[in-house]
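S.K.: Data file run-v4.pdb (PDB, C-alpha atoms and all ligand atoms) is appended below.
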ATOM      1  CA  MET J   1     -20.163  55.028 -62.006  1.00  0.00           C
ATOM      2  CA  ALA J   2     -23.340  53.849 -60.392  1.00  0.00           C
ATOM      3  CA  ASN J   3     -24.496  56.018 -57.501  1.00  0.00           C
ATOM      4  CA  GLY J   4     -27.235  53.822 -56.079  1.00  0.00           C
ATOM      5  CA  GLU J   5     -26.709  51.262 -53.350  1.00  0.00           C
ATOM      6  CA  LEU J   6     -26.942  47.489 -53.408  1.00  0.00           C
ATOM      7  CA  ILE J   7     -28.545  45.800 -50.391  1.00  0.00           C
ATOM      8  CA  VAL J   8     -28.413  42.029 -50.079  1.00  0.00           C
ATOM      9  CA  ILE J   9     -30.894  40.272 -47.807  1.00  0.00           C
ATOM     10  CA  THR J  10     -30.087  36.623 -47.223  1.00  0.00           C
ATOM     11  CA  GLY J  11     -30.836  33.774 -44.825  1.00  0.00           C
ATOM     12  CA  PRO J  12     -32.511  30.374 -44.899  1.00  0.00           C
ATOM     13  CA  SER J  13     -35.739  29.593 -46.705  1.00  0.00           C
ATOM     14  CA  GLY J  14     -38.762  30.226 -44.470  1.00  0.00           C
ATOM     15  CA  VAL J  15     -37.012  32.742 -42.200  1.00  0.00           C
ATOM     16  CA  GLY J  16     -39.203  35.611 -43.439  1.00  0.00           C
ATOM     17  CA  LYS J  17     -37.058  37.336 -46.084  1.00  0.00           C
ATOM     18  CA  GLY J  18     -39.918  37.645 -48.561  1.00  0.00           C
ATOM     19  CA  THR J  19     -42.318  38.913 -45.892  1.00  0.00           C
ATOM     20  CA  LEU J  20     -39.820  41.541 -44.745  1.00  0.00           C
ATOM     21  CA  VAL J  21     -39.032  42.695 -48.280  1.00  0.00           C
ATOM     22  CA  LYS J  22     -42.740  43.017 -49.077  1.00  0.00           C
ATOM     23  CA  LEU J  23     -43.299  45.146 -45.957  1.00  0.00           C
ATOM     24  CA  LEU J  24     -40.206  47.208 -46.708  1.00  0.00           C
ATOM     25  CA  LEU J  25     -41.444  47.966 -50.209  1.00  0.00           C
ATOM     26  CA  ALA J  26     -44.942  48.840 -48.954  1.00  0.00           C
ATOM     27  CA  HIS J  27     -43.409  51.398 -46.558  1.00  0.00           C
ATOM     28  CA  HIS J  28     -40.725  52.637 -48.983  1.00  0.00           C
ATOM     29  CA  PRO J  29     -41.974  52.398 -52.576  1.00  0.00           C
ATOM     30  CA  GLU J  30     -38.874  54.277 -53.767  1.00  0.00           C
ATOM     31  CA  LEU J  31     -36.816  51.123 -53.170  1.00  0.00           C
ATOM     32  CA  SER J  32     -36.184  48.808 -56.102  1.00  0.00           C
ATOM     33  CA  VAL J  33     -36.432  45.027 -55.633  1.00  0.00           C
ATOM     34  CA  SER J  34     -34.686  42.823 -58.181  1.00  0.00           C
ATOM     35  CA  THR J  35     -36.763  40.107 -59.865  1.00  0.00           C
ATOM     36  CA  SER J  36     -34.755  36.873 -59.998  1.00  0.00           C
ATOM     37  CA  ALA J  37     -34.735  34.135 -62.592  1.00  0.00           C
ATOM     38  CA  THR J  38     -35.247  30.510 -61.566  1.00  0.00           C
ATOM     39  CA  THR J  39     -35.753  27.031 -62.990  1.00  0.00           C
ATOM     40  CA  ARG J  40     -38.051  26.131 -60.059  1.00  0.00           C
ATOM     41  CA  ALA J  41     -41.652  25.404 -61.083  1.00  0.00           C
ATOM     42  CA  PRO J  42     -44.029  28.298 -60.362  1.00  0.00           C
ATOM     43  CA  ARG J  43     -46.067  27.921 -57.165  1.00  0.00           C
ATOM     44  CA  GLU J  44     -49.787  28.539 -57.293  1.00  0.00           C
ATOM     45  CA  GLY J  45     -50.425  32.256 -57.681  1.00  0.00           C
ATOM     46  CA  GLU J  46     -46.869  33.198 -58.674  1.00  0.00           C
ATOM     47  CA  VAL J  47     -46.672  35.610 -61.584  1.00  0.00           C
ATOM     48  CA  GLU J  48     -44.058  35.477 -64.370  1.00  0.00           C
ATOM     49  CA  GLY J  49     -41.889  38.607 -64.325  1.00  0.00           C
ATOM     50  CA  LYS J  50     -43.158  39.660 -60.895  1.00  0.00           C
ATOM     51  CA  ASP J  51     -42.296  36.831 -58.510  1.00  0.00           C
ATOM     52  CA  TYR J  52     -39.651  35.349 -60.811  1.00  0.00           C
ATOM     53  CA  TYR J  53     -38.706  34.914 -64.438  1.00  0.00           C
ATOM     54  CA  PHE J  54     -39.423  31.193 -64.780  1.00  0.00           C
ATOM     55  CA  LEU J  55     -36.862  29.667 -67.159  1.00  0.00           C
ATOM     56  CA  SER J  56     -35.897  26.230 -68.463  1.00  0.00           C
ATOM     57  CA  SER J  57     -32.449  24.907 -67.461  1.00  0.00           C
ATOM     58  CA  GLU J  58     -31.291  25.529 -71.059  1.00  0.00           C
ATOM     59  CA  GLU J  59     -32.437  29.148 -70.981  1.00  0.00           C
ATOM     60  CA  PHE J  60     -30.781  29.678 -67.592  1.00  0.00           C
ATOM     61  CA  GLU J  61     -27.508  28.092 -68.727  1.00  0.00           C
ATOM     62  CA  THR J  62     -27.459  30.296 -71.837  1.00  0.00           C
ATOM     63  CA  MET J  63     -27.779  33.350 -69.603  1.00  0.00           C
ATOM     64  CA  ILE J  64     -24.888  32.070 -67.464  1.00  0.00           C
ATOM     65  CA  GLU J  65     -22.734  31.594 -70.585  1.00  0.00           C
ATOM     66  CA  ASN J  66     -23.599  35.096 -71.788  1.00  0.00           C
ATOM     67  CA  GLY J  67     -22.562  36.616 -68.457  1.00  0.00           C
ATOM     68  CA  GLU J  68     -26.066  37.980 -67.853  1.00  0.00           C
ATOM     69  CA  PHE J  69     -26.157  37.241 -64.111  1.00  0.00           C
ATOM     70  CA  LEU J  70     -24.823  39.426 -61.315  1.00  0.00           C
ATOM     71  CA  GLU J  71     -24.767  36.195 -59.290  1.00  0.00           C
ATOM     72  CA  TRP J  72     -26.396  32.802 -59.526  1.00  0.00           C
ATOM     73  CA  ALA J  73     -26.474  29.584 -57.501  1.00  0.00           C
ATOM     74  CA  LYS J  74     -27.987  26.136 -57.533  1.00  0.00           C
ATOM     75  CA  TYR J  75     -30.260  25.612 -54.526  1.00  0.00           C
ATOM     76  CA  THR J  76     -32.104  22.353 -53.721  1.00  0.00           C
ATOM     77  CA  GLY J  77     -31.763  21.218 -57.343  1.00  0.00           C
ATOM     78  CA  ASN J  78     -32.803  24.425 -59.135  1.00  0.00           C
ATOM     79  CA  TYR J  79     -30.982  27.429 -60.520  1.00  0.00           C
ATOM     80  CA  TYR J  80     -31.641  30.891 -59.066  1.00  0.00           C
ATOM     81  CA  GLY J  81     -29.985  34.076 -60.334  1.00  0.00           C
ATOM     82  CA  THR J  82     -30.077  37.875 -60.396  1.00  0.00           C
ATOM     83  CA  PRO J  83     -30.245  39.353 -63.912  1.00  0.00           C
ATOM     84  CA  LYS J  84     -27.483  41.957 -64.049  1.00  0.00           C
ATOM     85  CA  LYS J  85     -28.927  44.509 -66.494  1.00  0.00           C
ATOM     86  CA  ALA J  86     -31.984  45.596 -64.497  1.00  0.00           C
ATOM     87  CA  VAL J  87     -29.950  45.983 -61.307  1.00  0.00           C
ATOM     88  CA  GLU J  88     -27.306  48.094 -63.067  1.00  0.00           C
ATOM     89  CA  GLU J  89     -30.008  50.330 -64.571  1.00  0.00           C
ATOM     90  CA  GLN J  90     -31.618  50.901 -61.175  1.00  0.00           C
ATOM     91  CA  LEU J  91     -28.248  51.616 -59.535  1.00  0.00           C
ATOM     92  CA  GLN J  92     -27.420  54.096 -62.297  1.00  0.00           C
ATOM     93  CA  ALA J  93     -30.755  55.782 -61.617  1.00  0.00           C
ATOM     94  CA  GLY J  94     -29.519  56.283 -58.045  1.00  0.00           C
ATOM     95  CA  LYS J  95     -31.839  53.725 -56.438  1.00  0.00           C
ATOM     96  CA  LYS J  96     -31.304  51.515 -53.436  1.00  0.00           C
ATOM     97  CA  VAL J  97     -31.692  48.027 -54.937  1.00  0.00           C
ATOM     98  CA  ILE J  98     -32.685  45.032 -52.801  1.00  0.00           C
ATOM     99  CA  LEU J  99     -31.604  41.482 -53.650  1.00  0.00           C
ATOM    100  CA  GLU J 100     -33.410  38.750 -51.706  1.00  0.00           C
ATOM    101  CA  ILE J 101     -31.216  35.720 -52.344  1.00  0.00           C
ATOM    102  CA  GLU J 102     -29.792  32.571 -50.755  1.00  0.00           C
ATOM    103  CA  VAL J 103     -26.424  32.414 -49.029  1.00  0.00           C
ATOM    104  CA  VAL J 104     -24.129  31.053 -51.775  1.00  0.00           C
ATOM    105  CA  GLY J 105     -25.229  33.790 -54.169  1.00  0.00           C
ATOM    106  CA  ALA J 106     -25.033  36.429 -51.438  1.00  0.00           C
ATOM    107  CA  ARG J 107     -21.421  35.458 -50.862  1.00  0.00           C
ATOM    108  CA  LYS J 108     -20.679  35.844 -54.601  1.00  0.00           C
ATOM    109  CA  VAL J 109     -22.082  39.395 -54.650  1.00  0.00           C
ATOM    110  CA  GLN J 110     -19.143  40.482 -52.519  1.00  0.00           C
ATOM    111  CA  GLU J 111     -16.777  39.679 -55.422  1.00  0.00           C
ATOM    112  CA  SER J 112     -18.453  42.038 -57.915  1.00  0.00           C
ATOM    113  CA  PHE J 113     -19.970  44.539 -55.428  1.00  0.00           C
ATOM    114  CA  PRO J 114     -17.683  44.700 -52.367  1.00  0.00           C
ATOM    115  CA  GLU J 115     -19.466  47.881 -51.285  1.00  0.00           C
ATOM    116  CA  ALA J 116     -22.872  46.153 -51.043  1.00  0.00           C
ATOM    117  CA  THR J 117     -24.601  46.103 -47.646  1.00  0.00           C
ATOM    118  CA  ARG J 118     -25.220  42.468 -46.737  1.00  0.00           C
ATOM    119  CA  ILE J 119     -27.838  41.518 -44.148  1.00  0.00           C
ATOM    120  CA  PHE J 120     -28.451  38.018 -42.786  1.00  0.00           C
ATOM    121  CA  ILE J 121     -31.902  37.141 -41.417  1.00  0.00           C
ATOM    122  CA  LEU J 122     -31.788  34.473 -38.686  1.00  0.00           C
ATOM    123  CA  PRO J 123     -34.673  32.397 -37.326  1.00  0.00           C
ATOM    124  CA  PRO J 124     -35.273  32.392 -33.550  1.00  0.00           C
ATOM    125  CA  SER J 125     -34.485  28.622 -33.694  1.00  0.00           C
ATOM    126  CA  LEU J 126     -34.492  25.690 -36.132  1.00  0.00           C
ATOM    127  CA  PRO J 127     -37.817  24.307 -34.794  1.00  0.00           C
ATOM    128  CA  VAL J 128     -39.411  27.727 -35.404  1.00  0.00           C
ATOM    129  CA  LEU J 129     -37.997  27.757 -38.939  1.00  0.00           C
ATOM    130  CA  GLU J 130     -39.502  24.322 -39.567  1.00  0.00           C
ATOM    131  CA  GLN J 131     -42.876  25.502 -38.228  1.00  0.00           C
ATOM    132  CA  ARG J 132     -42.799  28.516 -40.557  1.00  0.00           C
ATOM    133  CA  LEU J 133     -42.027  26.395 -43.602  1.00  0.00           C
ATOM    134  CA  GLU J 134     -44.827  23.990 -42.684  1.00  0.00           C
ATOM    135  CA  LYS J 135     -47.326  26.722 -41.886  1.00  0.00           C
ATOM    136  CA  ARG J 136     -46.529  28.543 -45.134  1.00  0.00           C
ATOM    137  CA  GLY J 137     -47.757  25.406 -46.920  1.00  0.00           C
ATOM    138  CA  LYS J 138     -45.931  26.106 -50.200  1.00  0.00           C
ATOM    139  CA  ASP J 139     -43.451  23.233 -50.205  1.00  0.00           C
ATOM    140  CA  ASP J 140     -43.991  19.461 -50.038  1.00  0.00           C
ATOM    141  CA  PRO J 141     -42.413  17.513 -47.112  1.00  0.00           C
ATOM    142  CA  LYS J 142     -39.343  16.577 -49.171  1.00  0.00           C
ATOM    143  CA  ALA J 143     -38.708  20.190 -50.188  1.00  0.00           C
ATOM    144  CA  ILE J 144     -39.116  21.279 -46.550  1.00  0.00           C
ATOM    145  CA  GLU J 145     -36.603  18.643 -45.468  1.00  0.00           C
ATOM    146  CA  GLN J 146     -34.086  19.844 -48.104  1.00  0.00           C
ATOM    147  CA  ARG J 147     -34.578  23.480 -47.079  1.00  0.00           C
ATOM    148  CA  LEU J 148     -33.999  22.652 -43.405  1.00  0.00           C
ATOM    149  CA  ALA J 149     -30.875  20.673 -44.257  1.00  0.00           C
ATOM    150  CA  GLU J 150     -29.551  23.686 -46.197  1.00  0.00           C
ATOM    151  CA  ALA J 151     -30.535  26.008 -43.331  1.00  0.00           C
ATOM    152  CA  LYS J 152     -28.019  24.441 -40.954  1.00  0.00           C
ATOM    153  CA  THR J 153     -24.996  25.265 -43.145  1.00  0.00           C
ATOM    154  CA  GLU J 154     -26.489  28.613 -44.158  1.00  0.00           C
ATOM    155  CA  ILE J 155     -26.950  29.737 -40.545  1.00  0.00           C
ATOM    156  CA  ALA J 156     -23.338  28.791 -39.819  1.00  0.00           C
ATOM    157  CA  ALA J 157     -22.324  31.452 -42.389  1.00  0.00           C
ATOM    158  CA  ALA J 158     -24.246  34.292 -40.726  1.00  0.00           C
ATOM    159  CA  GLU J 159     -21.107  35.847 -39.241  1.00  0.00           C
ATOM    160  CA  GLU J 160     -19.662  36.487 -42.703  1.00  0.00           C
ATOM    161  CA  PHE J 161     -22.267  39.181 -43.280  1.00  0.00           C
ATOM    162  CA  ASP J 162     -22.332  42.844 -42.246  1.00  0.00           C
ATOM    163  CA  TYR J 163     -25.497  42.634 -40.128  1.00  0.00           C
ATOM    164  CA  ALA J 164     -27.662  39.901 -38.596  1.00  0.00           C
ATOM    165  CA  ILE J 165     -31.304  40.282 -37.586  1.00  0.00           C
ATOM    166  CA  VAL J 166     -33.143  37.592 -35.626  1.00  0.00           C
ATOM    167  CA  ASN J 167     -36.625  37.600 -37.144  1.00  0.00           C
ATOM    168  CA  ASP J 168     -38.655  36.928 -34.031  1.00  0.00           C
ATOM    169  CA  ASP J 169     -41.183  39.758 -33.938  1.00  0.00           C
ATOM    170  CA  ILE J 170     -41.822  40.914 -37.507  1.00  0.00           C
ATOM    171  CA  ASP J 171     -42.442  44.575 -36.611  1.00  0.00           C
ATOM    172  CA  ARG J 172     -39.200  44.805 -34.657  1.00  0.00           C
ATOM    173  CA  SER J 173     -37.295  43.078 -37.488  1.00  0.00           C
ATOM    174  CA  LEU J 174     -38.691  45.575 -39.975  1.00  0.00           C
ATOM    175  CA  ILE J 175     -37.536  48.496 -37.810  1.00  0.00           C
ATOM    176  CA  GLU J 176     -34.035  46.982 -37.548  1.00  0.00           C
ATOM    177  CA  LEU J 177     -33.930  46.515 -41.299  1.00  0.00           C
ATOM    178  CA  GLU J 178     -35.055  50.091 -41.915  1.00  0.00           C
ATOM    179  CA  LYS J 179     -32.353  51.382 -39.557  1.00  0.00           C
ATOM    180  CA  ILE J 180     -29.661  49.541 -41.530  1.00  0.00           C
ATOM    181  CA  ILE J 181     -30.948  50.560 -44.953  1.00  0.00           C
ATOM    182  CA  PHE J 182     -31.635  54.217 -44.154  1.00  0.00           C
ATOM    183  CA  GLN J 183     -28.820  54.877 -41.680  1.00  0.00           C
TER
HETATM  184  N1  LIG J 201     -28.617  33.083 -55.308  1.00  0.00           N
HETATM  185  C1  LIG J 201     -29.880  33.428 -55.501  1.00  0.00           C
HETATM  186  N2  LIG J 201     -30.841  32.992 -54.667  1.00  0.00           N
HETATM  187  C2  LIG J 201     -32.110  33.379 -54.909  1.00  0.00           C
HETATM  188  C3  LIG J 201     -32.465  34.223 -55.970  1.00  0.00           C
HETATM  189  N3  LIG J 201     -33.805  34.420 -55.932  1.00  0.00           N
HETATM  190  C4  LIG J 201     -34.264  33.753 -54.874  1.00  0.00           C
HETATM  191  N4  LIG J 201     -33.261  33.105 -54.244  1.00  0.00           N
HETATM  192  C5  LIG J 201     -33.296  32.302 -53.020  1.00  0.00           C
HETATM  193  O1  LIG J 201     -33.527  30.951 -53.334  1.00  0.00           O
HETATM  194  C6  LIG J 201     -34.133  30.315 -52.205  1.00  0.00           C
HETATM  195  C7  LIG J 201     -35.341  29.519 -52.651  1.00  0.00           C
HETATM  196  O2  LIG J 201     -36.304  30.401 -53.192  1.00  0.00           O
HETATM  197  P1  LIG J 201     -37.812  29.925 -53.320  1.00  0.00           P
HETATM  198  O3  LIG J 201     -37.854  28.581 -53.970  1.00  0.00           O
HETATM  199  O4  LIG J 201     -38.594  31.012 -53.987  1.00  0.00           O
HETATM  200  O5  LIG J 201     -38.262  29.725 -51.811  1.00  0.00           O
HETATM  201  P2  LIG J 201     -38.602  30.815 -50.673  1.00  0.00           P
HETATM  202  O6  LIG J 201     -37.753  32.024 -50.922  1.00  0.00           O
HETATM  203  O7  LIG J 201     -38.294  30.139 -49.411  1.00  0.00           O
HETATM  204  O8  LIG J 201     -40.071  31.138 -50.838  1.00  0.00           O
HETATM  205  C8  LIG J 201     -34.495  31.427 -51.220  1.00  0.00           C
HETATM  206  O9  LIG J 201     -33.529  31.451 -50.181  1.00  0.00           O
HETATM  207  C9  LIG J 201     -34.408  32.676 -52.071  1.00  0.00           C
HETATM  208  O10 LIG J 201     -34.036  33.819 -51.308  1.00  0.00           O
HETATM  209  C10 LIG J 201     -31.401  34.696 -56.822  1.00  0.00           C
HETATM  210  O11 LIG J 201     -31.596  35.449 -57.766  1.00  0.00           O
HETATM  211  N5  LIG J 201     -30.156  34.262 -56.542  1.00  0.00           N
HETATM  212  N1  LIG J 202     -41.501  37.238 -37.607  1.00  0.00           N
HETATM  213  C1  LIG J 202     -42.332  36.271 -37.996  1.00  0.00           C
HETATM  214  N2  LIG J 202     -43.094  35.631 -37.083  1.00  0.00           N
HETATM  215  C2  LIG J 202     -43.932  34.645 -37.451  1.00  0.00           C
HETATM  216  N3  LIG J 202     -44.098  34.216 -38.735  1.00  0.00           N
HETATM  217  C3  LIG J 202     -43.355  34.806 -39.691  1.00  0.00           C
HETATM  218  C4  LIG J 202     -42.450  35.867 -39.372  1.00  0.00           C
HETATM  219  N4  LIG J 202     -41.862  36.271 -40.527  1.00  0.00           N
HETATM  220  C5  LIG J 202     -42.375  35.504 -41.503  1.00  0.00           C
HETATM  221  N5  LIG J 202     -43.286  34.623 -41.015  1.00  0.00           N
HETATM  222  C6  LIG J 202     -44.030  33.591 -41.760  1.00  0.00           C
HETATM  223  O1  LIG J 202     -43.098  32.553 -42.071  1.00  0.00           O
HETATM  224  C7  LIG J 202     -43.365  32.014 -43.366  1.00  0.00           C
HETATM  225  C8  LIG J 202     -42.100  32.124 -44.232  1.00  0.00           C
HETATM  226  O2  LIG J 202     -41.876  33.496 -44.533  1.00  0.00           O
HETATM  227  P1  LIG J 202     -41.314  33.929 -45.959  1.00  0.00           P
HETATM  228  O3  LIG J 202     -41.306  35.424 -45.977  1.00  0.00           O
HETATM  229  O4  LIG J 202     -42.041  33.230 -47.059  1.00  0.00           O
HETATM  230  O5  LIG J 202     -39.794  33.367 -45.874  1.00  0.00           O
HETATM  231  P2  LIG J 202     -38.607  33.342 -46.928  1.00  0.00           P
HETATM  232  O6  LIG J 202     -38.924  34.363 -47.993  1.00  0.00           O
HETATM  233  O7  LIG J 202     -37.379  33.674 -46.146  1.00  0.00           O
HETATM  234  O8  LIG J 202     -38.580  31.956 -47.466  1.00  0.00           O
HETATM  235  C9  LIG J 202     -44.551  32.769 -43.937  1.00  0.00           C
HETATM  236  O9  LIG J 202     -45.725  31.998 -43.731  1.00  0.00           O
HETATM  237  C10 LIG J 202     -44.581  34.061 -43.119  1.00  0.00           C
HETATM  238  O10 LIG J 202     -45.892  34.575 -42.983  1.00  0.00           O
END
Please go through the file and, once you have read it, give me the structure as structure tokens.

M.R.:
Amino acid sequence: MANGELIVITGPSGVGKGTLVKLLLAHHPELSVSTSATTRAPREGEVEGKDYYFLSSEEFETMIENGEFLEWAKYTGNYYGTPKKAVEEQLQAGKKVILEIEVVGARKVQESFPEATRIFILPPSLPVLEQRLEKRGKDDPKAIEQRLAEAKTEIAAAEEFDYAIVNDDIDRSLIELEKIIFQ
């Protein structure tokens, strides 16, 4: 049996999940962060195999058919999924493994890993979330609109998760996250 620990960090796009995970890893390099697969086009500067495995829809669907995902979901028109093998290897090596994923996939993790720790990151408000997505400057106006539309239903699901952190001040959020992960 695996003796590591699975930690799921979820919440709407633009809330700061990626920023928090990056900081967490910088402070705790012993943590393992899963690299997801997606059919979304790479953004400028994103690196294959580091930010994501960038796949065609056909490649992604083949992986689904072969049962190679721990979870997957379709989000704003693209597939996103967690390759199972790497996560299992890290868990077997006794690592704490972080998944940074959207809400539908996070919900599915509960089915295969009921013992996972599941953390929801909330924005201080919807206008602040919109400002963050705009300021980040990585998505066109239509993509931002879709992400905000998703955010409303995602935020409504926050109570399903084990912990919620309002990501207002980033340093305080990081401390809260550390407390949960290393309690
Ligand atoms: N279900 C699932 N969601 C993922 C996975 N990888 C990333 N996501 C989520 O998909 C959403 C969109 O990701 P992305 O296009 O990279 O936008 P960003 O995370 O807002 O920069 C975000 O909420 C991610 O957390 C995955 O493997 N599975
Ligand atoms: N606590 C915070 N206060 C202000 N800005 C933040 C905070 N956390 C993240 N950001 C900024 O918000 C934007 C979205 O953060 P990001 O980590 O990319 O979100 P996600 O991975 O959830 O989509 C980025 O420009 C990031 O620098």

S.K.: Neighbours of Ile9 of chain J within 10 Å (all atoms listed in the file; same-chain residues fewer than 2 positions away dropped), as a PyMOL selection string?

M.R.: chain J and resi 6-7+11+17-18+20-21+98-103+106+117-121+161+163-164+177

S.K.: Emit the selected residues as a PDB file, keeping the file's coordinate frame, including C-alpha atoms.

M.R.:
ATOM      1  CA  LEU J   6     -26.942  47.489 -53.408  1.00  0.00           C
ATOM      2  CA  ILE J   7     -28.545  45.800 -50.391  1.00  0.00           C
ATOM      3  CA  GLY J  11     -30.836  33.774 -44.825  1.00  0.00           C
ATOM      4  CA  LYS J  17     -37.058  37.336 -46.084  1.00  0.00           C
ATOM      5  CA  GLY J  18     -39.918  37.645 -48.561  1.00  0.00           C
ATOM      6  CA  LEU J  20     -39.820  41.541 -44.745  1.00  0.00           C
ATOM      7  CA  VAL J  21     -39.032  42.695 -48.280  1.00  0.00           C
ATOM      8  CA  ILE J  98     -32.685  45.032 -52.801  1.00  0.00           C
ATOM      9  CA  LEU J  99     -31.604  41.482 -53.650  1.00  0.00           C
ATOM     10  CA  GLU J 100     -33.410  38.750 -51.706  1.00  0.00           C
ATOM     11  CA  ILE J 101     -31.216  35.720 -52.344  1.00  0.00           C
ATOM     12  CA  GLU J 102     -29.792  32.571 -50.755  1.00  0.00           C
ATOM     13  CA  VAL J 103     -26.424  32.414 -49.029  1.00  0.00           C
ATOM     14  CA  ALA J 106     -25.033  36.429 -51.438  1.00  0.00           C
ATOM     15  CA  THR J 117     -24.601  46.103 -47.646  1.00  0.00           C
ATOM     16  CA  ARG J 118     -25.220  42.468 -46.737  1.00  0.00           C
ATOM     17  CA  ILE J 119     -27.838  41.518 -44.148  1.00  0.00           C
ATOM     18  CA  PHE J 120     -28.451  38.018 -42.786  1.00  0.00           C
ATOM     19  CA  ILE J 121     -31.902  37.141 -41.417  1.00  0.00           C
ATOM     20  CA  PHE J 161     -22.267  39.181 -43.280  1.00  0.00           C
ATOM     21  CA  TYR J 163     -25.497  42.634 -40.128  1.00  0.00           C
ATOM     22  CA  ALA J 164     -27.662  39.901 -38.596  1.00  0.00           C
ATOM     23  CA  LEU J 177     -33.930  46.515 -41.299  1.00  0.00           C
TER      24      LEU J 177
END

S.K.: Which protein, DNA or RNA residues have an atom within 6 Å of ligand LIG 201 (chain J), counting only C-alpha atoms and all ligand atoms, as a PyMOL selection string?

M.R.: chain J and resi 12-14+36-37+72-73+80-82+100-102+105

S.K.: Which chains and residue numbers are within 12 Å of ligand LIG 202 (chain J), counting all atoms listed in the file, if I want them as a PyMOL selection string?

M.R.: chain J and resi 9-24+51+99-103+120-125+128-139+144+147-148+151+165-175

S.K.: Quick one: pull the distance between atom CA of Glu5 of chain J and atom CA of Val109 of chain J, Å, one decimal.

M.R.: 12.8 Å

S.K.: Enumerate, as a list in words, the residues matched when the PyMOL selection byres (((chain J and resi 112) around 12) and not hetatm) is run on the file above.

M.R.: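 This file gives the following for the PyMOL selection byres (((chain J and resi 112) around 12) and not hetatm): Leu6, Phe69, Leu70, Glu71, Lys84, Glu88, Gly105, Ala106, Arg107, Lys108, Val109, Gln110, Glu111, Phe113, Pro114, Glu115 and Ala116 of chain J.
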
S.K.: Nearest to Gly94 of chain J among J:Leu31, J:Ala143, J:Val47, J:Leu55, with distances taken over all atoms listed in the file: which residue is it?

M.R.: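 Going through J:Leu31, J:Ala143, J:Val47, J:Leu55 one by one, the smallest distance to Gly94 of chain J is for J:Leu31.
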
S.K.: How far is it from atom CA of Gln90 of chain J to atom CA of Val33 of chain J, in Å with one decimal?

M.R.: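 Distance reported for this atom pair: 9.4 Å.
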
S.K.: Rounded to one decimal in Å, what is the spacing between atom CA of Glu150 of chain J and atom CA of Val104 of chain J?

M.R.: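 Calculated distance between atom CA of Glu150 of chain J and atom CA of Val104 of chain J is 10.7 Å.
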
S.K.: Pick the closest to Lys96 of chain J from J:Ser34, J:Ser57, J:Thr62, J:Thr39: which is it, counting only C-alpha atoms?

M.R.: J:Ser34

S.K.: Give me the box for segment 33-41 of chain J as AutoDock Vina command-line options, namely the centre and edge lengths in Å to one decimal of a box along x, y and z that holds every listed atom plus 3 Å on each side.

M.R.:
--center_x -38.2 --center_y 35.2 --center_z -59.3 --size_x 13.0 --size_y 25.6 --size_z 13.4

S.K.: I need the output of the PyMOL selection byres (((chain J and resi 40) around 9) and not hetatm) for this file as a list in words; which residues are they?

M.R.: Thr38, Thr39, Ala41, Pro42, Arg43, Phe54, Leu55, Ser56, Gly77, Asn78, Tyr79 and Tyr80 of chain J

S.K.: Write a file of the selected residues as a PDB file, keeping the file's coordinate frame, keeping C-alpha atoms.

M.R.:
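selection-v7.pdb, freshly written:
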ATOM      1  CA  THR J  38     -35.247  30.510 -61.566  1.00  0.00           C
ATOM      2  CA  THR J  39     -35.753  27.031 -62.990  1.00  0.00           C
ATOM      3  CA  ALA J  41     -41.652  25.404 -61.083  1.00  0.00           C
ATOM      4  CA  PRO J  42     -44.029  28.298 -60.362  1.00  0.00           C
ATOM      5  CA  ARG J  43     -46.067  27.921 -57.165  1.00  0.00           C
ATOM      6  CA  PHE J  54     -39.423  31.193 -64.780  1.00  0.00           C
ATOM      7  CA  LEU J  55     -36.862  29.667 -67.159  1.00  0.00           C
ATOM      8  CA  SER J  56     -35.897  26.230 -68.463  1.00  0.00           C
ATOM      9  CA  GLY J  77     -31.763  21.218 -57.343  1.00  0.00           C
ATOM     10  CA  ASN J  78     -32.803  24.425 -59.135  1.00  0.00           C
ATOM     11  CA  TYR J  79     -30.982  27.429 -60.520  1.00  0.00           C
ATOM     12  CA  TYR J  80     -31.641  30.891 -59.066  1.00  0.00           C
TER      13      TYR J  80
END
